[in-house]
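Raw query_15.csv, CSV, C-alpha atoms:
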```
chain,number,residue,atom,x,y,z
A,123,LEU,CA,0.0,0.0,0.0
A,124,PRO,CA,1.2,3.5,-0.6
A,125,ARG,CA,2.3,5.6,2.3
A,126,ARG,CA,0.0,8.4,3.3
A,127,TRP,CA,0.5,11.6,5.4
A,128,PRO,CA,-2.1,13.8,7.0
A,129,SER,CA,-2.3,17.4,5.9
A,130,ALA,CA,-4.5,20.4,6.7
A,131,MET,CA,-6.6,19.6,3.6
A,132,GLY,CA,-6.9,15.8,4.1
A,133,TRP,CA,-4.6,13.0,3.3
A,134,TRP,CA,-1.8,13.1,0.7
A,135,CYS,CA,-0.4,9.9,-0.7
A,136,CYS,CA,2.7,9.0,-2.7
A,137,ARG,CA,3.4,6.5,-5.4
A,138,CYS,CA,-0.3,5.8,-6.2
A,139,CYS,CA,-0.7,9.1,-8.1
A,140,LEU,CA,2.3,8.6,-10.5
A,141,ARG,CA,2.0,8.3,-14.2
A,142,SER,CA,4.2,5.9,-16.1
A,143,SER,CA,3.9,7.6,-19.5
A,144,ARG,CA,7.2,8.1,-21.3
A,145,ASP,CA,5.8,11.4,-22.5
A,146,SER,CA,5.2,13.0,-19.1
A,147,PRO,CA,7.3,13.5,-16.0
A,148,ALA,CA,7.3,10.5,-13.6
A,149,PHE,CA,6.5,12.9,-10.7
A,150,GLU,CA,3.2,14.8,-10.6
A,151,LEU,CA,2.3,15.7,-7.0
A,152,GLY,CA,4.5,17.6,-4.6
A,153,VAL,CA,4.4,14.9,-1.9
A,154,LEU,CA,7.4,12.6,-2.6
A,155,ASP,CA,10.5,13.1,-0.6
A,156,GLN,CA,13.0,12.5,-3.4
A,157,PRO,CA,11.3,12.0,-6.8
A,158,LEU,CA,13.4,10.3,-9.4
A,159,VAL,CA,15.1,12.0,-12.4
A,160,ARG,CA,15.0,9.4,-15.2
A,161,LEU,CA,16.2,9.1,-18.8
A,162,ASP,CA,12.6,8.6,-20.0
A,163,ARG,CA,12.9,10.1,-23.5
A,164,SER,CA,14.7,8.1,-26.1
A,165,VAL,CA,14.2,6.4,-29.5
A,166,ALA,CA,13.7,2.6,-30.0
A,167,GLU,CA,17.4,2.2,-31.0
A,168,VAL,CA,18.5,3.3,-27.5
A,169,LYS,CA,18.2,0.9,-24.6
A,170,VAL,CA,17.8,2.4,-21.1
A,171,GLU,CA,18.0,-0.1,-18.2
A,172,SER,CA,18.1,0.1,-14.4
A,173,GLY,CA,21.6,0.3,-13.0
A,174,GLY,CA,20.8,-1.7,-9.9
A,175,GLY,CA,19.8,1.3,-7.9
A,176,THR,CA,22.8,3.4,-8.9
A,177,GLY,CA,21.5,5.1,-12.0
A,178,GLU,CA,20.4,4.1,-15.5
A,179,VAL,CA,22.5,2.3,-18.1
A,180,VAL,CA,22.3,3.6,-21.6
A,181,SER,CA,23.4,1.6,-24.7
A,182,GLY,CA,22.5,1.3,-28.4
A,183,ALA,CA,22.5,4.2,-30.8
A,184,GLY,CA,21.0,7.6,-30.4
A,185,VAL,CA,20.0,10.1,-27.7
A,186,ALA,CA,18.4,9.6,-24.3
A,187,TYR,CA,17.4,12.5,-22.1
A,188,THR,CA,15.3,13.3,-19.0
A,189,SER,CA,11.8,14.8,-19.0
A,190,THR,CA,13.0,16.8,-16.0
A,191,ALA,CA,14.3,20.3,-17.0
A,192,ILE,CA,17.1,21.9,-15.1
A,193,GLU,CA,15.3,24.7,-13.2
A,194,GLN,CA,17.6,25.2,-10.2
A,195,ASP,CA,20.5,27.7,-10.3
A,196,ALA,CA,23.3,25.1,-10.3
A,197,ALA,CA,22.9,21.4,-11.0
A,198,TYR,CA,25.3,18.4,-11.1
A,199,TRP,CA,25.1,14.8,-12.3
A,200,GLU,CA,27.5,12.1,-13.3
A,201,VAL,CA,28.0,9.8,-16.2
A,202,HIS,CA,30.0,6.6,-15.5
A,203,VAL,CA,31.7,4.9,-18.5
A,204,GLU,CA,30.9,1.2,-18.3
A,205,ALA,CA,32.1,0.3,-21.9
A,206,ALA,CA,34.3,2.4,-24.1
A,207,GLY,CA,33.0,3.7,-27.4
A,208,ARG,CA,31.8,6.9,-29.0
A,209,PHE,CA,29.5,9.0,-26.9
A,210,ARG,CA,28.5,12.5,-25.9
A,211,VAL,CA,27.3,14.0,-22.6
A,212,GLY,CA,25.5,17.3,-22.1
A,213,VAL,CA,22.2,19.0,-22.3
A,214,CYS,CA,19.5,19.4,-24.9
A,215,ARG,CA,16.2,21.1,-25.6
A,216,ASN,CA,13.1,19.0,-26.5
A,217,LEU,CA,14.2,16.9,-29.6
A,218,ASP,CA,12.2,15.3,-32.3
A,219,ASP,CA,12.8,11.7,-33.3
A,220,GLU,CA,15.1,12.6,-36.2
A,221,ALA,CA,17.4,14.7,-33.9
A,222,MET,CA,17.3,11.8,-31.3
A,223,ARG,CA,18.9,9.5,-33.9
A,224,GLU,CA,21.9,11.8,-34.2
A,225,ASP,CA,24.7,12.8,-31.9
A,226,LEU,CA,24.3,15.5,-29.3
A,227,GLY,CA,26.2,18.7,-29.7
A,228,ASP,CA,24.9,20.7,-32.7
A,229,GLU,CA,25.2,23.8,-30.5
A,230,ASN,CA,21.6,24.9,-31.5
A,231,SER,CA,19.4,22.4,-29.8
A,232,SER,CA,22.0,20.5,-27.8
A,233,TRP,CA,25.5,21.1,-26.3
A,234,ALA,CA,27.8,18.3,-25.4
A,235,LEU,CA,31.3,17.0,-24.6
A,236,ARG,CA,32.5,14.4,-27.1
A,237,SER,CA,34.1,11.2,-25.7
A,238,GLU,CA,37.2,11.8,-27.7
A,239,ASP,CA,37.6,15.3,-26.2
A,240,ALA,CA,37.1,13.9,-22.7
A,241,GLY,CA,39.7,11.1,-23.1
A,242,ALA,CA,37.5,8.9,-21.0
A,243,VAL,CA,38.0,5.2,-20.8
A,244,GLU,CA,36.0,2.4,-19.2
A,245,GLY,CA,35.7,3.0,-15.5
A,246,ASP,CA,36.0,6.8,-15.7
A,247,VAL,CA,33.4,9.2,-14.4
A,248,ILE,CA,32.4,12.4,-16.2
A,249,GLY,CA,30.8,15.0,-13.9
A,250,VAL,CA,28.4,17.5,-15.6
A,251,ALA,CA,27.8,20.9,-14.0
A,252,PHE,CA,25.2,23.3,-15.4
A,253,GLY,CA,24.8,26.7,-13.9
A,254,GLN,CA,22.0,29.1,-15.0
A,255,ALA,CA,23.7,32.2,-13.7
A,256,GLU,CA,27.3,31.2,-14.2
A,257,LEU,CA,29.8,31.5,-17.1
A,258,PRO,CA,30.5,29.0,-18.5
A,259,ASN,CA,27.0,27.6,-18.2
A,260,LEU,CA,28.1,24.0,-18.8
A,261,SER,CA,31.3,22.4,-17.5
A,262,PHE,CA,32.6,18.9,-17.4
A,263,PHE,CA,34.9,17.0,-15.0
A,264,LEU,CA,36.9,13.8,-15.6
A,265,ASN,CA,37.3,11.8,-12.4
A,266,GLY,CA,36.9,15.1,-10.4
A,267,ASP,CA,39.2,17.2,-12.5
A,268,LEU,CA,37.9,20.1,-14.6
A,269,ILE,CA,38.1,19.6,-18.4
A,270,ASP,CA,39.0,23.1,-19.6
A,271,HIS,CA,38.4,22.6,-23.3
A,272,GLY,CA,34.9,21.2,-22.8
A,273,GLN,CA,33.2,24.2,-21.4
A,274,VAL,CA,30.2,25.9,-23.0
A,275,ASN,CA,29.7,29.6,-22.2
A,276,ARG,CA,26.1,30.6,-23.1
A,277,ILE,CA,23.1,28.4,-23.1
A,278,ARG,CA,19.7,30.1,-22.6
A,279,GLY,CA,16.3,28.6,-22.1
A,280,GLU,CA,15.0,25.3,-20.9
A,281,VAL,CA,17.4,22.3,-21.2
A,282,PHE,CA,17.4,18.7,-20.0
A,283,PRO,CA,20.3,16.4,-19.1
A,284,ALA,CA,21.2,14.1,-22.1
A,285,VAL,CA,23.6,11.6,-23.5
A,286,SER,CA,24.1,10.1,-26.9
A,287,VAL,CA,25.7,6.8,-27.6
A,288,ALA,CA,27.1,4.8,-30.5
A,289,PRO,CA,26.7,0.9,-30.5
A,290,THR,CA,29.9,0.0,-28.6
A,291,ALA,CA,29.4,2.6,-25.8
A,292,LYS,CA,27.6,1.9,-22.5
A,293,LEU,CA,27.1,4.7,-19.9
A,294,ARG,CA,25.5,4.7,-16.5
A,295,CYS,CA,23.8,8.1,-15.7
A,296,VAL,CA,23.7,8.9,-12.0
A,297,PHE,CA,21.3,11.7,-10.8
A,298,ASP,CA,21.1,10.7,-7.1
A,299,GLU,CA,23.6,12.5,-4.9
A,300,ALA,CA,24.0,9.5,-2.6
A,301,ASN,CA,25.6,7.6,-5.5
A,302,PHE,CA,27.9,10.3,-6.8
A,303,GLU,CA,31.6,9.3,-6.8
A,304,HIS,CA,32.8,12.9,-6.7
A,305,THR,CA,31.8,16.0,-4.8
A,306,PRO,CA,29.8,18.5,-6.9
A,307,PRO,CA,31.5,21.9,-7.6
A,308,ARG,CA,30.8,24.7,-5.2
A,309,THR,CA,27.1,25.8,-5.2
A,310,HIS,CA,26.0,22.8,-7.4
A,311,SER,CA,23.8,19.9,-6.2
A,312,ALA,CA,21.8,17.0,-7.6
A,313,ILE,CA,18.9,17.9,-9.9
A,314,ARG,CA,15.7,18.7,-8.0
A,315,VAL,CA,12.4,17.9,-9.5
A,316,THR,CA,9.9,20.8,-9.5
A,317,GLN,CA,7.0,19.8,-7.3
A,318,ASN,CA,3.7,20.7,-8.9
A,319,ILE,CA,0.8,20.8,-6.5
A,320,ILE,CA,-2.6,20.1,-8.1
```
Could you render the structure from this file as structure tokens?
Amino acid sequence: LPRRWPSAMGWWCCRCCLRSSRDSPAFELGVLDQPLVRLDRSVAEVKVESGGGTGEVVSGAGVAYTSTAIEQDAAYWEVHVEAAGRFRVGVCRNLDDEAMREDLGDENSSWALRSEDAGAVEGDVIGVAFGQAELPNLSFFLNGDLIDHGQVNRIRGEVFPAVSVAPTAKLRCVFDEANFEHTPPRTHSAIRVTQNII
């Protein structure tokens, strides 16, 4: 049974009021303690699986991104390289199916760090830091160290955490701060889901 809490206006519940649609956020009501950020937008060629409680594993070919926009001032998440190959990590706007079959990083609807520029190999961790009011807006870290040449200075408007993979790459995306391997940069924290009260 779902857990319920009393409130001034009656009882609030969690888990029973969630939608599982891939086209809508997994979190609807403002009653869950820590709603999940998930890679719930992808094309059929991309496989997104549970990472055993420590993120989601992405493989296949194409783009996967969250339905949770980055609305806080400074957000951080990690991408763990589980199998080497060509990939990109960054942020995107809402993408159509055609764009989701391409690589991220066209610098118009998506911005990303390329795997070859990161120098990442299996076992490495790429930290992604996005700051609304900071320049650069988008920064990347390899095993905790800033990658200077991967920064993006100006990104305006609503964006979502995203990755793109080629067939040999496998990435584990971690949005839960409890599972981060590295400390986020100053002022940055795990992505918070906006809580919409109906």
Report the closest atom pair, with its distance in Å rounded to one decimal, for each residue of region 229-293 of chain A that has an atom no farther than 9 Å from region 169-185 of chain A; count all atoms listed in the file, sort by chain and then rising residue number, and write it as a Markdown table.
```
| residue | atom | partner | partner_atom | distance |
| --- | --- | --- | --- | --- |
| A:Ala284 | CA | A:Val185 | CA | 7.0 |
| A:Val285 | CA | A:Val185 | CA | 5.7 |
| A:Ser286 | CA | A:Val185 | CA | 4.2 |
| A:Val287 | CA | A:Ala183 | CA | 5.2 |
| A:Ala288 | CA | A:Ala183 | CA | 4.6 |
| A:Pro289 | CA | A:Gly182 | CA | 4.7 |
| A:Thr290 | CA | A:Gly182 | CA | 7.5 |
| A:Ala291 | CA | A:Ser181 | CA | 6.2 |
| A:Lys292 | CA | A:Ser181 | CA | 4.8 |
| A:Leu293 | CA | A:Val180 | CA | 5.2 |
```
Env of region 223-229 of chain A: 7 Å cut, atoms = only C-alpha atoms, seq-sep filter 2 positions within chain, self excluded. Answer as a list in words.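 Surrounding residues, per the criterion: Gly184, Val185, Arg210, Asp219, Glu220, Ala221, Ser231, Ser232, Trp233, Ala234 and Ser286 of chain A.
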Given the point (14.2, 18.6, -14.9) in the file's coordinates, find the residues that have an atom at most 7 Å from it, counting all atoms listed in the file, and give them as a JSON list (two decimals) with C-alpha atoms, keeping the file's coordinate frame.
```json
[["chain", "number", "residue", "atom", "x", "y", "z"],
["A", 188, "THR", "CA", 15.30, 13.30, -19.00],
["A", 189, "SER", "CA", 11.80, 14.80, -19.00],
["A", 190, "THR", "CA", 13.00, 16.80, -16.00],
["A", 191, "ALA", "CA", 14.30, 20.30, -17.00],
["A", 192, "ILE", "CA", 17.10, 21.90, -15.10],
["A", 193, "GLU", "CA", 15.30, 24.70, -13.20],
["A", 282, "PHE", "CA", 17.40, 18.70, -20.00],
["A", 313, "ILE", "CA", 18.90, 17.90, -9.90],
["A", 315, "VAL", "CA", 12.40, 17.90, -9.50]]
```
Pick the closest to Asn216 (chain A) from A:Arg278, A:His304, A:His202, A:Arg163: which is it, counting all atoms listed in the file?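 That would be A:Arg163, the residue with the smallest distance to Asn216 (chain A).
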One-decimal distance in Å that lies between CA of Cys214 (chain A) and CA of Asp298 (chain A):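 If I compute the distance from CA of Asp298 (chain A) to CA of Cys214 (chain A), I get 19.9 Å.
Atom pair CA of Glu280 (chain A) / CA of Gln254 (chain A): separated by 9.9 Å.
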Can you pull out the residues contacting Ile248 (chain A)? Cut-off 12 Å, using all atoms listed in the file, and skip same-chain residues under 2 positions away; I want them as an NGL selection string. :A and (198-204 or 209-212 or 234-237 or 239-246 or 250-251 or 261-269 or 272 or 285 or 293-296 or 302-306)
Pick from A:Ala186, A:Val274, A:Phe297, A:Asn230 nearest to Ala166 (chain A), counting only C-alpha atoms: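 Of A:Ala186, A:Val274, A:Phe297, A:Asn230, the one nearest Ala166 (chain A), counting only C-alpha atoms, is A:Ala186.
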What is the distance, in Å and to one decimal place, between CA of Glu299 (chain A) and CA of Tyr187 (chain A)?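 Result for CA of Glu299 (chain A) versus CA of Tyr187 (chain A): 18.3 Å, one decimal.
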Looking at A:Val281, A:Val165, A:Ala196, A:Leu158, which one is nearest to Thr309 (chain A), with distances taken over all atoms listed in the file?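 For Thr309 (chain A), the nearest of the candidates is A:Ala196.
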Centre, x/y/z edge lengths, axis-aligned box for region 300-305 of chain A with 6 Å per side, as JSON:
```
{"center_x": 28.4, "center_y": 11.8, "center_z": -4.7, "size_x": 20.8, "size_y": 20.4, "size_z": 16.2}
```
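Proximity to Asn301 (chain A) was assessed for A:Val247, A:Ile277, A:Asp270, A:Ala255 counting only C-alpha atoms; the smallest distance is recorded for A:Val247.
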